[in-house]
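These notes concern the structure reproduced below.
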Amino acid sequence: MPPHTKHSLLVPPDIIDRKKKITLEPQFLGDKHIIPNERTINNLVIVEIKPEFQSEFRNIVLPEMVESLKVEKGVLAMYAGTDSETPKRWYFYEIYASEEDYQLHRQTLHFLDYLRQTAHMSTSKDAIPVKPVFLRNKGGIKQDPHR
């Protein structure tokens, strides 16, 4: 069987039907040089924030992302954007060097502090593991979160 035929048999047809374009307003972009391997972890996290907490949430989450990239070797990228049609919906794309680095991140004081400070602000939170087909970057994107 040709390789392209075999692959198409492995992809569920309903994935094709679930494509949806979402326009994001960038809130934070930060990364290091990434050379992905079999250990690299990619997560898409979608968080719905109560409208009255938008500004406060932003003022807490963005410095946490800066700190994560600054002090955690295994945090390779953190990107955040809000849905331009539904601004209360935040999208975070995170890349970690390994599952161990992801778990270490989840135990840092700055991440635990972020969770504690924002627990009452969200109405939903979904984390989706992502397996990119191809991922490369130059690294070094740094955005001032107070822009």
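Ordered as shown in the structure tokens, chains take letters A, B, and onward, while each chain numbers its residues from 1 and ligands are numbered from 1 in the order shown.
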
Skip A:Thr40 itself and residues of its chain fewer than 5 positions away, then list as JSON, numbers by chain all residues within 12 Å of it, counting only C-alpha atoms. {"A": [34, 35, 74, 75, 76, 77, 94, 95, 96, 97, 98, 99, 100, 101, 102, 129, 130, 131, 132, 135]}

Just the alpha helix (DSSP H) stuff from stretch 61-146 of chain A, please, per backbone DSSP, written as a list of chain:residue names.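 Listing alpha helix (DSSP H) positions across stretch 61-146 of chain A yields A:Val61, A:Leu62, A:Pro63, A:Glu64, A:Met65, A:Val66, A:Glu67, A:Ser68, A:Leu69, A:Lys70, A:Val71, A:Glu99, A:Glu100, A:Asp101, A:Tyr102, A:Gln103, A:Leu104, A:His105, A:Arg106, A:Leu109, A:His110, A:Phe111, A:Leu112, A:Asp113, A:Tyr114, A:Leu115, A:Arg116, A:Gln117, A:Thr118.
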
Using DSSP on the backbone, list every residue of stretch 3-125 of chain A that comes out as strand (DSSP E), and give them as a ChimeraX atom specification. /A:24-31,41-49,75-83,89-96,122-125

Pick out the residues sitting within 12 Å of A:Thr86, and hand them over as a ChimeraX atom specification; count only C-alpha atoms, and ignore anything fewer than 3 positions along from it in its own chain. /A:22-25,47-51,54,81-83,89-91

Work out how far apart atom CA of A:Lys20 and atom CA of A:Ile46 are and give it in Å to one decimal.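 Rounded to one decimal, the two atoms are 14.5 Å apart.
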
One decimal, Å: what's the distance from atom CA of A:Leu69 over to atom CA of A:Glu85, could you say? 28.6 Å

Given only C-alpha atoms as the basis, pick out the residue of A:Tyr114, A:His33, A:Leu104, A:Lys19 nearest to A:Val71. A:Leu104

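Coordinates place atom CA of A:Asp113 at a distance of 27.0 Å from atom CA of A:Arg39.
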
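Using only C-alpha atoms, the smallest distance between any of A:Glu38, A:Glu67, A:Glu52, A:Asp126 and A:Pro87 comes from A:Glu52.
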